[in-house]
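**Student:** Pasting a structure here, questions to come.
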Amino acid sequence: MLVLLPWLALVLYATADERHNAIAGVHADAMRLIRIASSNQATQIEAARQLLTAFARMPQVRGGNRSECSRFLAALLPAYPLYLNFALAEPDGTMTCSARDMPAATVNIADRPYFRRAYETRAFAVGDYQVGRVTGLPAINYAFPVLDDAGAISGIAFAAQSLAWLTGAMSQVTLPDGAKMIVVDRNGTVLARMPDIYGPIGERVAEARVLDAFAAQRDGGVFELDDAREGTRLWAHAPLLSDASLRVAIGVPEDVALADVNRRLVRNLVALGVVTLVALGAAWFGATRFVLRPIDALVAATAALASGKLHARVPLQGGHDELGLLARAFNAMAATLETRDRELRIAEESRRNAQVELAVSRAQMDIARQIQRSMLPEDPLTIGGVTLAGRCIPATDVGGDYFGYFPRGRFGVDSFLGDVSGHGVGAALLMAEARTTFMAERLVAGSAGRILGKLNRVLFDDLDRAGHFISACCATFDAPTGALCYANAGHPPAILVRAGEPQWQALNADGALLGMRSDVEFRELHVQLRSGDIVTFYTDGITEARNGGGELFGTQRLGRILAANRHEEPEALVARILAELRRFAGAEHFDDDVTIVIMKVPSTEEMAT
């Protein structure tokens with residue numbers, strides 16, 4: 001079958017080429033007939049132009065005497081039997097003289113297309129199909145301007161020609177069987193048709209697509225048109241004059257034009273069908289013996305392989321043709337699949353083991369996260385007239401930030417905030433160690449600087465081996481005296497908002513990072529807190545958060561928020577700052593651990609409440 005497909009394609013291509021040539025022949029024949037039909041019509045139109053040109057120069061027409069003009073035109077009309085009337089109209093369209101008797105009422109032709117064209121172009125014009133207002137008969141009118149001595153238009157001379165001459169001219173043309181010829185004006189109105197069995201004169205062409213083709217091919221052309229009553233026709237058309245005011249078209253039935261082509265196509269297809277049947281019989285015999293049996297063996301082995309029997313193989317018959325090579329390739333493929341299946345089973349077992357290990361790791365991470373959360377204060381602390389509240393948001397499951405505040409006696413409080421470099425479990429373990437050390441050292445060290453010094457000495461070896469460091473700040477507060485002792489180990493400075501002052505200030509107590517040197521003295525800053533004062537400790541995860549434009553949240557923005565909301569309680573103020581941070585960064589989660597602690601000395605009014 002595949003061998004015969006090129007022959008079928010060649011037959012169809014040759015038929016298409018013959019069809020194209022046949023259509024071109026129909027076009028050429030139709031255009032020849034159109035030229036024969038239009039030659040006489042063009043002669044008649046040229047005769048009308050010369051006649052009107054002569055009229056426009058006659059003194060009887062130019063003189064302005066209506067009676068003399070009408071008598072002159074009436075005397076000429078019998079000499080021209082193809083015309084129904086000769087007449088003259090004023091520039092405003094009012095008829096002044098006519099070869100035929102005019103009605104009592106004034107006749108005005110200013111709305112006639114031929115009148116407007118002659119007046120606007122000052123040249124000979126051909127009109128459209130119309131029924132004369134004087135003759136009452138269908139006609140085509142021709143017009144020519146009459147000029148006075150100054151060259152101005154003094155009137156329009158026109159002649160009404162009967163449509164009978166068009167039919168007579170067309171009758172001289174011999175059309176193919178079933179063909180029809182029509183003459184239409186620019187509006188698509190039929191002026192003449194042959195044979196006349198296809199419809200009356202004076203109506204528009206029924207086929208809208210014919211008019212569309214006329215409009216699209218103003219210089220003439222050929223096209224096909226399907227008609228529910230008449231089938232497909234091949235149309236050829238051309239303008240009668242160069243201005244395309246009249247157009248001649250010939251439509252030939254497609255089955256007539258392509259009869260010879262269709263007969264040759266049927267004959268070639270029948271011959272090709274006979275050859276195909278013979279070829280199929282020979283192919284069936286050879287295929288059964290040399291192709292189908294080996295293929296059946298391949299199909300059976302493939303079905304066994306598809307059912308999961310990877311040991312299936314095709315029996316080899318010793319041949320080295322294409323099917324023999326295919327059988328060997330199949331056996332090699334089956335062996336490869338069997339090996340791959342074993343490897344896949346091993347890989348699947350490894351994947352399941354990895355999933356189990358991942359689940360264990362996640363469970364362990366959940367435990368680590370819960371343990372880290374348990375080390376953080378859950379609720380605000382109020383002691384000795386001061387309230388502390390904080391929040392820690394790790395960037396990953398477990399983080400390297402920590403904060404804590406613990407009572408010292410009945411009227412004191414110790415607070416600590418630290419940030420281990422990096423994230424993850426390692427940072428969390430180091431911070432847990434720092435918390436444990438802080439809990440122990442704060443009980444024996446008397447001030448914030450000494451606590452940080454003890455922390456540095458205890459943690460130095462572990463931090464040095466791990467390649468990490470810790471930034472931290474520590475503060476002790478004595479409620480009866482209002483004294484705050486503050487020390488800093490490479491940490492962002494705390495922010496102090498005074499109750500009676502509009503601006504905030506930073507508590508600068510610079511000190512080295514924990515883990516950088518083994519023996520470091522940390523400077524202490526002593527601040528006397530008053531009623532309504534607020535002290536804020538935080539990590540750089542807040543101030544170094546960025547928005548979509550790369551802008552930092554910054555210490556200035558944090559200070560302004562604290563100063564503007566100083567009336568709020570520490571817990572509410574912490575929530576407000578975190579909400580502002582999320583809005584600024586445009587995200588719920590941050591790239592770094594975020595930690596903040598706010599301590600507030602209540603005002604006199606708040607204490608009274």
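Each chain in the structure tokens gets a letter, A, B and so on, in the order shown; residues start at 1 in every chain, and ligands are counted from 1 in the order they appear.
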Mind listing the helix (DSSP H, G or I) residues of region 354-504 of chain A, per DSSP on the backbone, as a ChimeraX atom specification?

**Tutor:** /A:354-375,424-441,448-466

**Student:** Excluding Phe223 (chain A) and its own-chain neighbours fewer than 2 positions away, which residues fall within 10 Å of it when counting only C-alpha atoms? Please give them as a PDB file with C-alpha atoms, in the first residue's frame.

**Tutor:**
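Output (around.pdb):
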ATOM      1  CA  ILE A  23     -10.445  26.350 -15.326  1.00  0.00           C
ATOM      2  CA  HIS A  27     -11.578  31.627 -18.200  1.00  0.00           C
ATOM      3  CA  ARG A 209     -21.267  36.466  -3.756  1.00  0.00           C
ATOM      4  CA  VAL A 210     -21.262  37.387  -7.450  1.00  0.00           C
ATOM      5  CA  ALA A 213     -16.536  39.193  -6.545  1.00  0.00           C
ATOM      6  CA  PHE A 214     -17.352  42.061  -8.924  1.00  0.00           C
ATOM      7  CA  GLN A 217     -12.071  42.214  -8.899  1.00  0.00           C
ATOM      8  CA  GLY A 221     -11.303  37.924 -13.097  1.00  0.00           C
ATOM      9  CA  LEU A 225     -19.679  29.940  -6.903  1.00  0.00           C
ATOM     10  CA  ARG A 233     -20.391  27.565 -11.719  1.00  0.00           C
ATOM     11  CA  LEU A 234     -17.133  28.993 -13.014  1.00  0.00           C
ATOM     12  CA  TRP A 235     -17.623  32.740 -13.524  1.00  0.00           C
ATOM     13  CA  ALA A 236     -15.553  35.065 -15.709  1.00  0.00           C
ATOM     14  CA  HIS A 237     -16.276  38.801 -15.783  1.00  0.00           C
ATOM     15  CA  GLY A 251     -21.115  31.602 -15.823  1.00  0.00           C
TER      16      GLY A 251
END

**Student:** Using only C-alpha atoms, which residues sit within 8 Å of region 428-437 of chain A once same-chain residues fewer than 5 positions away are excluded, as a PDB file with N, CA and C atoms, in the first residue's frame?

**Tutor:**
ATOM      1  N   GLN A 372      13.249  23.928  72.428  1.00  0.00           N
ATOM      2  CA  GLN A 372      13.692  25.327  72.366  1.00  0.00           C
ATOM      3  C   GLN A 372      12.570  26.262  72.809  1.00  0.00           C
ATOM      4  N   VAL A 398      14.424  25.404  64.057  1.00  0.00           N
ATOM      5  CA  VAL A 398      15.057  25.827  65.303  1.00  0.00           C
ATOM      6  C   VAL A 398      16.003  26.961  64.974  1.00  0.00           C
ATOM      7  N   GLY A 399      16.137  27.905  65.869  1.00  0.00           N
ATOM      8  CA  GLY A 399      16.942  29.086  65.601  1.00  0.00           C
ATOM      9  C   GLY A 399      18.076  29.256  66.580  1.00  0.00           C
ATOM     10  N   GLY A 400      18.836  30.330  66.353  1.00  0.00           N
ATOM     11  CA  GLY A 400      19.981  30.624  67.206  1.00  0.00           C
ATOM     12  C   GLY A 400      19.756  31.800  68.133  1.00  0.00           C
ATOM     13  N   ASP A 401      18.505  32.333  68.195  1.00  0.00           N
ATOM     14  CA  ASP A 401      18.189  33.439  69.108  1.00  0.00           C
ATOM     15  C   ASP A 401      17.629  32.895  70.425  1.00  0.00           C
ATOM     16  N   TYR A 402      17.803  33.696  71.465  1.00  0.00           N
ATOM     17  CA  TYR A 402      17.227  33.332  72.766  1.00  0.00           C
ATOM     18  C   TYR A 402      16.999  34.613  73.554  1.00  0.00           C
ATOM     19  N   GLY A 418      20.335  36.867  73.353  1.00  0.00           N
ATOM     20  CA  GLY A 418      21.518  36.489  72.596  1.00  0.00           C
ATOM     21  C   GLY A 418      21.181  36.028  71.188  1.00  0.00           C
ATOM     22  N   ASP A 419      22.201  36.081  70.299  1.00  0.00           N
ATOM     23  CA  ASP A 419      22.041  35.710  68.889  1.00  0.00           C
ATOM     24  C   ASP A 419      23.298  34.966  68.455  1.00  0.00           C
ATOM     25  N   VAL A 420      23.179  33.631  68.234  1.00  0.00           N
ATOM     26  CA  VAL A 420      24.316  32.837  67.776  1.00  0.00           C
ATOM     27  C   VAL A 420      24.433  33.010  66.259  1.00  0.00           C
ATOM     28  N   HIS A 423      22.235  29.497  61.681  1.00  0.00           N
ATOM     29  CA  HIS A 423      20.922  28.969  62.046  1.00  0.00           C
ATOM     30  C   HIS A 423      21.039  27.468  62.247  1.00  0.00           C
ATOM     31  N   LEU A 455      30.110  34.385  81.127  1.00  0.00           N
ATOM     32  CA  LEU A 455      29.618  33.647  79.978  1.00  0.00           C
ATOM     33  C   LEU A 455      30.712  33.471  78.926  1.00  0.00           C
ATOM     34  N   VAL A 458      33.336  30.809  80.013  1.00  0.00           N
ATOM     35  CA  VAL A 458      32.833  29.444  80.018  1.00  0.00           C
ATOM     36  C   VAL A 458      32.601  28.925  78.591  1.00  0.00           C
ATOM     37  N   LEU A 459      32.090  29.792  77.706  1.00  0.00           N
ATOM     38  CA  LEU A 459      31.693  29.355  76.367  1.00  0.00           C
ATOM     39  C   LEU A 459      32.801  29.470  75.326  1.00  0.00           C
ATOM     40  N   LEU A 463      32.731  27.701  71.567  1.00  0.00           N
ATOM     41  CA  LEU A 463      32.480  28.576  70.414  1.00  0.00           C
ATOM     42  C   LEU A 463      33.652  28.564  69.446  1.00  0.00           C
TER      43      LEU A 463
END

**Student:** Between CA of Ala157 (chain A) and CA of Ala56 (chain A), measure the distance and give it in Å to one decimal.

**Tutor:**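 Spanning CA of Ala157 (chain A) to CA of Ala56 (chain A) is a straight-line distance of 6.5 Å.
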
**Student:** Have a look at A:Asp414, A:Asp591, A:Glu551, A:Asp533 and name the one nearest to Cys474 (chain A); count only C-alpha atoms.

**Tutor:**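 When distances to Cys474 (chain A) are compared using only C-alpha atoms, the smallest one comes from A:Asp414.
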
**Student:** So, counting only C-alpha atoms, which residue among A:Gly453, A:Gly422, A:Pro377, A:Pro394 is closest to Val597 (chain A)?

**Tutor:**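 When distances to Val597 (chain A) are compared using only C-alpha atoms, the smallest one comes from A:Pro377.
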
**Student:** Point out the residue among A:Leu10, A:Glu46, A:His20, A:Ala164 with the least atom-to-atom distance to Leu82 (chain A), counting only C-alpha atoms.

**Tutor:**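 Comparing A:Leu10, A:Glu46, A:His20, A:Ala164 against Leu82 (chain A), the winner is A:Ala164.
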
**Student:** Go through A:Ala579, A:Val425, A:Ala249, A:Ile542 and flag the residue nearest Asp397 (chain A), using only C-alpha atoms for the distances.

**Tutor:**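 Closest to Asp397 (chain A), using only C-alpha atoms: A:Val425.
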
**Student:** For Met95 (chain A), work out the shell of residues within 7 Å, counting only C-alpha atoms and skipping chain neighbours fewer than 4 positions away, then give it as a PyMOL selection string.

**Tutor:** chain A and resi 88-90+107-108

**Student:** Could you write out the selected residues, including all heavy atoms, as a PDB file, in the first residue's frame?

**Tutor:**
ATOM      1  N   LEU A  88     -32.626  67.671 -22.745  1.00  0.00           N
ATOM      2  CA  LEU A  88     -31.674  68.636 -22.180  1.00  0.00           C
ATOM      3  C   LEU A  88     -32.203  69.068 -20.824  1.00  0.00           C
ATOM      4  O   LEU A  88     -33.418  69.302 -20.665  1.00  0.00           O
ATOM      5  CB  LEU A  88     -31.512  69.844 -23.115  1.00  0.00           C
ATOM      6  CG  LEU A  88     -30.568  70.946 -22.613  1.00  0.00           C
ATOM      7  CD1 LEU A  88     -29.120  70.454 -22.628  1.00  0.00           C
ATOM      8  CD2 LEU A  88     -30.692  72.208 -23.492  1.00  0.00           C
ATOM      9  N   ALA A  89     -31.299  69.192 -19.851  1.00  0.00           N
ATOM     10  CA  ALA A  89     -31.683  69.626 -18.506  1.00  0.00           C
ATOM     11  C   ALA A  89     -30.810  70.791 -18.092  1.00  0.00           C
ATOM     12  O   ALA A  89     -29.647  70.906 -18.502  1.00  0.00           O
ATOM     13  CB  ALA A  89     -31.549  68.479 -17.508  1.00  0.00           C
ATOM     14  N   GLU A  90     -31.409  71.682 -17.274  1.00  0.00           N
ATOM     15  CA  GLU A  90     -30.664  72.811 -16.722  1.00  0.00           C
ATOM     16  C   GLU A  90     -29.630  72.299 -15.715  1.00  0.00           C
ATOM     17  O   GLU A  90     -29.697  71.139 -15.263  1.00  0.00           O
ATOM     18  CB  GLU A  90     -31.634  73.773 -16.039  1.00  0.00           C
ATOM     19  CG  GLU A  90     -32.631  74.439 -16.970  1.00  0.00           C
ATOM     20  CD  GLU A  90     -31.976  75.467 -17.885  1.00  0.00           C
ATOM     21  OE1 GLU A  90     -30.858  75.928 -17.537  1.00  0.00           O
ATOM     22  OE2 GLU A  90     -32.556  75.784 -18.940  1.00  0.00           O
ATOM     23  N   VAL A 107     -40.247  68.085 -14.662  1.00  0.00           N
ATOM     24  CA  VAL A 107     -39.435  66.883 -14.498  1.00  0.00           C
ATOM     25  C   VAL A 107     -38.026  67.317 -14.089  1.00  0.00           C
ATOM     26  O   VAL A 107     -37.425  68.166 -14.781  1.00  0.00           O
ATOM     27  CB  VAL A 107     -39.393  66.045 -15.777  1.00  0.00           C
ATOM     28  CG1 VAL A 107     -38.488  64.825 -15.579  1.00  0.00           C
ATOM     29  CG2 VAL A 107     -40.801  65.619 -16.190  1.00  0.00           C
ATOM     30  N   ASN A 108     -37.532  66.750 -13.005  1.00  0.00           N
ATOM     31  CA  ASN A 108     -36.179  67.091 -12.531  1.00  0.00           C
ATOM     32  C   ASN A 108     -35.374  65.800 -12.406  1.00  0.00           C
ATOM     33  O   ASN A 108     -35.833  64.797 -11.831  1.00  0.00           O
ATOM     34  CB  ASN A 108     -36.238  67.772 -11.157  1.00  0.00           C
ATOM     35  CG  ASN A 108     -34.884  68.359 -10.770  1.00  0.00           C
ATOM     36  OD1 ASN A 108     -33.952  67.630 -10.450  1.00  0.00           O
ATOM     37  ND2 ASN A 108     -34.795  69.687 -10.787  1.00  0.00           N
TER      38      ASN A 108
END

**Student:** Can you work out which one of A:Gly409, A:Gly586, A:Gly93, A:Pro176 has the shortest atom-to-atom distance to Val252 (chain A), counting only C-alpha atoms?

**Tutor:**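 Ranked by minimum distance to Val252 (chain A), first place goes to A:Pro176.
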
**Student:** Please produce, as JSON lines, a per-residue contact table for region 380-448 of chain A versus region 517-530 of chain A (criterion: any atom at most 12 Å away, only C-alpha atoms considered), showing the nearest atom pair and its distance in Å to one decimal, sorted by chain then residue number.

**Tutor:**
{"residue": "A:Gly385", "atom": "CA", "partner": "A:Arg530", "partner_atom": "CA", "distance": 11.0}
{"residue": "A:Val386", "atom": "CA", "partner": "A:Leu529", "partner_atom": "CA", "distance": 10.3}
{"residue": "A:Gly446", "atom": "CA", "partner": "A:Glu524", "partner_atom": "CA", "distance": 11.8}
{"residue": "A:Ser447", "atom": "CA", "partner": "A:Glu524", "partner_atom": "CA", "distance": 8.2}
{"residue": "A:Ala448", "atom": "CA", "partner": "A:Glu524", "partner_atom": "CA", "distance": 6.9}

**Student:** Work out how far CA of Lys454 (chain A) is from CA of Thr382 (chain A), in Å to one decimal.

**Tutor:**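 These atoms are spaced 27.1 Å apart.
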
**Student:** Select, from A:Gly449, A:Gly404, A:Gly549, A:Gly390, the residue with the minimum atom-to-atom distance to Thr536 (chain A), counting only C-alpha atoms.

**Tutor:**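 Of all the options, A:Gly390 lies closest to Thr536 (chain A).
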
**Student:** One decimal, Å: what's the distance from CA of Ile140 (chain A) over to CA of Gln44 (chain A), could you say?

**Tutor:** 11.7 Å

**Student:** Using only C-alpha atoms, which protein or nucleic acid residues come within 12 Å of Tyr129 (chain A)? Drop anything in the same chain fewer than 4 positions from it, and give the result as a PDB file with N, CA, C and O atoms, in the first residue's frame.

**Tutor:**
ATOM      1  N   ARG A 112     -30.445  61.780 -10.630  1.00  0.00           N
ATOM      2  CA  ARG A 112     -29.982  60.667 -11.444  1.00  0.00           C
ATOM      3  C   ARG A 112     -28.450  60.586 -11.401  1.00  0.00           C
ATOM      4  O   ARG A 112     -27.757  61.617 -11.541  1.00  0.00           O
ATOM      5  N   PRO A 113     -27.883  59.375 -11.230  1.00  0.00           N
ATOM      6  CA  PRO A 113     -26.421  59.240 -11.156  1.00  0.00           C
ATOM      7  C   PRO A 113     -25.718  59.762 -12.397  1.00  0.00           C
ATOM      8  O   PRO A 113     -24.657  60.390 -12.298  1.00  0.00           O
ATOM      9  N   TYR A 114     -26.282  59.498 -13.623  1.00  0.00           N
ATOM     10  CA  TYR A 114     -25.584  59.943 -14.831  1.00  0.00           C
ATOM     11  C   TYR A 114     -25.513  61.455 -14.883  1.00  0.00           C
ATOM     12  O   TYR A 114     -24.538  62.034 -15.350  1.00  0.00           O
ATOM     13  N   LEU A 137     -40.067  53.774 -19.581  1.00  0.00           N
ATOM     14  CA  LEU A 137     -39.492  52.511 -20.026  1.00  0.00           C
ATOM     15  C   LEU A 137     -38.112  52.324 -19.408  1.00  0.00           C
ATOM     16  O   LEU A 137     -37.393  53.307 -19.149  1.00  0.00           O
ATOM     17  N   PRO A 138     -37.690  51.057 -19.196  1.00  0.00           N
ATOM     18  CA  PRO A 138     -36.338  50.828 -18.671  1.00  0.00           C
ATOM     19  C   PRO A 138     -35.303  51.209 -19.718  1.00  0.00           C
ATOM     20  O   PRO A 138     -35.482  50.955 -20.912  1.00  0.00           O
ATOM     21  N   ALA A 139     -34.216  51.802 -19.245  1.00  0.00           N
ATOM     22  CA  ALA A 139     -33.195  52.286 -20.174  1.00  0.00           C
ATOM     23  C   ALA A 139     -31.888  52.514 -19.421  1.00  0.00           C
ATOM     24  O   ALA A 139     -31.832  52.477 -18.197  1.00  0.00           O
ATOM     25  N   ILE A 140     -30.844  52.748 -20.231  1.00  0.00           N
ATOM     26  CA  ILE A 140     -29.569  53.250 -19.712  1.00  0.00           C
ATOM     27  C   ILE A 140     -29.379  54.634 -20.314  1.00  0.00           C
ATOM     28  O   ILE A 140     -29.507  54.815 -21.532  1.00  0.00           O
ATOM     29  N   ASN A 141     -29.079  55.622 -19.484  1.00  0.00           N
ATOM     30  CA  ASN A 141     -28.920  56.983 -19.956  1.00  0.00           C
ATOM     31  C   ASN A 141     -27.444  57.343 -20.049  1.00  0.00           C
ATOM     32  O   ASN A 141     -26.636  56.946 -19.200  1.00  0.00           O
ATOM     33  N   TYR A 142     -27.129  58.151 -21.086  1.00  0.00           N
ATOM     34  CA  TYR A 142     -25.796  58.713 -21.271  1.00  0.00           C
ATOM     35  C   TYR A 142     -25.933  60.223 -21.190  1.00  0.00           C
ATOM     36  O   TYR A 142     -26.928  60.805 -21.653  1.00  0.00           O
ATOM     37  N   ALA A 160     -31.494  58.507 -23.689  1.00  0.00           N
ATOM     38  CA  ALA A 160     -31.981  57.288 -23.048  1.00  0.00           C
ATOM     39  C   ALA A 160     -31.979  56.163 -24.075  1.00  0.00           C
ATOM     40  O   ALA A 160     -32.683  56.234 -25.086  1.00  0.00           O
ATOM     41  N   GLN A 161     -31.178  55.141 -23.819  1.00  0.00           N
ATOM     42  CA  GLN A 161     -31.039  54.046 -24.781  1.00  0.00           C
ATOM     43  C   GLN A 161     -31.805  52.823 -24.287  1.00  0.00           C
ATOM     44  O   GLN A 161     -31.711  52.431 -23.117  1.00  0.00           O
ATOM     45  N   SER A 162     -32.540  52.196 -25.186  1.00  0.00           N
ATOM     46  CA  SER A 162     -33.299  50.999 -24.853  1.00  0.00           C
ATOM     47  C   SER A 162     -32.346  49.846 -24.528  1.00  0.00           C
ATOM     48  O   SER A 162     -31.231  49.771 -25.068  1.00  0.00           O
ATOM     49  N   LEU A 163     -32.792  48.963 -23.643  1.00  0.00           N
ATOM     50  CA  LEU A 163     -31.981  47.797 -23.285  1.00  0.00           C
ATOM     51  C   LEU A 163     -32.066  46.695 -24.329  1.00  0.00           C
ATOM     52  O   LEU A 163     -31.338  45.703 -24.235  1.00  0.00           O
ATOM     53  N   VAL A 183     -25.351  41.226 -18.210  1.00  0.00           N
ATOM     54  CA  VAL A 183     -24.753  42.564 -18.193  1.00  0.00           C
ATOM     55  C   VAL A 183     -25.382  43.300 -17.020  1.00  0.00           C
ATOM     56  O   VAL A 183     -26.618  43.336 -16.901  1.00  0.00           O
ATOM     57  N   VAL A 184     -24.554  43.853 -16.128  1.00  0.00           N
ATOM     58  CA  VAL A 184     -25.046  44.531 -14.940  1.00  0.00           C
ATOM     59  C   VAL A 184     -24.453  45.929 -14.876  1.00  0.00           C
ATOM     60  O   VAL A 184     -23.378  46.198 -15.442  1.00  0.00           O
ATOM     61  N   ASP A 185     -25.157  46.829 -14.187  1.00  0.00           N
ATOM     62  CA  ASP A 185     -24.597  48.158 -13.944  1.00  0.00           C
ATOM     63  C   ASP A 185     -23.828  48.153 -12.641  1.00  0.00           C
ATOM     64  O   ASP A 185     -23.656  47.104 -12.007  1.00  0.00           O
ATOM     65  N   ARG A 186     -23.370  49.320 -12.223  1.00  0.00           N
ATOM     66  CA  ARG A 186     -22.523  49.395 -11.027  1.00  0.00           C
ATOM     67  C   ARG A 186     -23.264  48.992  -9.758  1.00  0.00           C
ATOM     68  O   ARG A 186     -22.640  48.661  -8.754  1.00  0.00           O
ATOM     69  N   ASN A 187     -24.604  49.000  -9.774  1.00  0.00           N
ATOM     70  CA  ASN A 187     -25.398  48.615  -8.610  1.00  0.00           C
ATOM     71  C   ASN A 187     -25.769  47.142  -8.611  1.00  0.00           C
ATOM     72  O   ASN A 187     -26.462  46.676  -7.719  1.00  0.00           O
ATOM     73  N   GLY A 188     -25.326  46.398  -9.630  1.00  0.00           N
ATOM     74  CA  GLY A 188     -25.660  44.986  -9.720  1.00  0.00           C
ATOM     75  C   GLY A 188     -27.012  44.718 -10.349  1.00  0.00           C
ATOM     76  O   GLY A 188     -27.505  43.581 -10.296  1.00  0.00           O
ATOM     77  N   THR A 189     -27.623  45.727 -10.967  1.00  0.00           N
ATOM     78  CA  THR A 189     -28.910  45.537 -11.633  1.00  0.00           C
ATOM     79  C   THR A 189     -28.687  44.901 -13.002  1.00  0.00           C
ATOM     80  O   THR A 189     -27.832  45.352 -13.781  1.00  0.00           O
ATOM     81  N   VAL A 190     -29.455  43.856 -13.328  1.00  0.00           N
ATOM     82  CA  VAL A 190     -29.303  43.139 -14.591  1.00  0.00           C
ATOM     83  C   VAL A 190     -29.921  43.975 -15.725  1.00  0.00           C
ATOM     84  O   VAL A 190     -31.110  44.306 -15.691  1.00  0.00           O
ATOM     85  N   LEU A 191     -29.081  44.319 -16.724  1.00  0.00           N
ATOM     86  CA  LEU A 191     -29.549  45.079 -17.878  1.00  0.00           C
ATOM     87  C   LEU A 191     -29.889  44.171 -19.046  1.00  0.00           C
ATOM     88  O   LEU A 191     -30.702  44.523 -19.906  1.00  0.00           O
ATOM     89  N   ALA A 192     -29.234  43.035 -19.126  1.00  0.00           N
ATOM     90  CA  ALA A 192     -29.520  42.058 -20.181  1.00  0.00           C
ATOM     91  C   ALA A 192     -29.005  40.711 -19.716  1.00  0.00           C
ATOM     92  O   ALA A 192     -28.049  40.636 -18.938  1.00  0.00           O
ATOM     93  N   ILE A 201     -35.241  41.196 -16.574  1.00  0.00           N
ATOM     94  CA  ILE A 201     -34.302  42.324 -16.589  1.00  0.00           C
ATOM     95  C   ILE A 201     -34.795  43.392 -15.619  1.00  0.00           C
ATOM     96  O   ILE A 201     -35.991  43.579 -15.421  1.00  0.00           O
ATOM     97  N   GLY A 202     -33.835  44.097 -15.010  1.00  0.00           N
ATOM     98  CA  GLY A 202     -34.189  45.176 -14.088  1.00  0.00           C
ATOM     99  C   GLY A 202     -34.092  44.798 -12.626  1.00  0.00           C
ATOM    100  O   GLY A 202     -34.296  45.640 -11.747  1.00  0.00           O
ATOM    101  N   GLU A 203     -33.810  43.538 -12.303  1.00  0.00           N
ATOM    102  CA  GLU A 203     -33.644  43.100 -10.923  1.00  0.00           C
ATOM    103  C   GLU A 203     -32.157  42.949 -10.605  1.00  0.00           C
ATOM    104  O   GLU A 203     -31.334  42.751 -11.506  1.00  0.00           O
ATOM    105  N   ARG A 204     -31.848  43.036  -9.318  1.00  0.00           N
ATOM    106  CA  ARG A 204     -30.452  42.860  -8.900  1.00  0.00           C
ATOM    107  C   ARG A 204     -30.049  41.391  -9.031  1.00  0.00           C
ATOM    108  O   ARG A 204     -30.887  40.484  -8.947  1.00  0.00           O
ATOM    109  N   SER A 245     -18.547  51.032 -15.149  1.00  0.00           N
ATOM    110  CA  SER A 245     -19.953  51.336 -14.890  1.00  0.00           C
ATOM    111  C   SER A 245     -20.859  50.210 -15.362  1.00  0.00           C
ATOM    112  O   SER A 245     -21.918  49.981 -14.793  1.00  0.00           O
ATOM    113  N   LEU A 246     -20.440  49.484 -16.419  1.00  0.00           N
ATOM    114  CA  LEU A 246     -21.166  48.310 -16.876  1.00  0.00           C
ATOM    115  C   LEU A 246     -20.210  47.125 -16.874  1.00  0.00           C
ATOM    116  O   LEU A 246     -19.017  47.270 -17.151  1.00  0.00           O
TER     117      LEU A 246
END
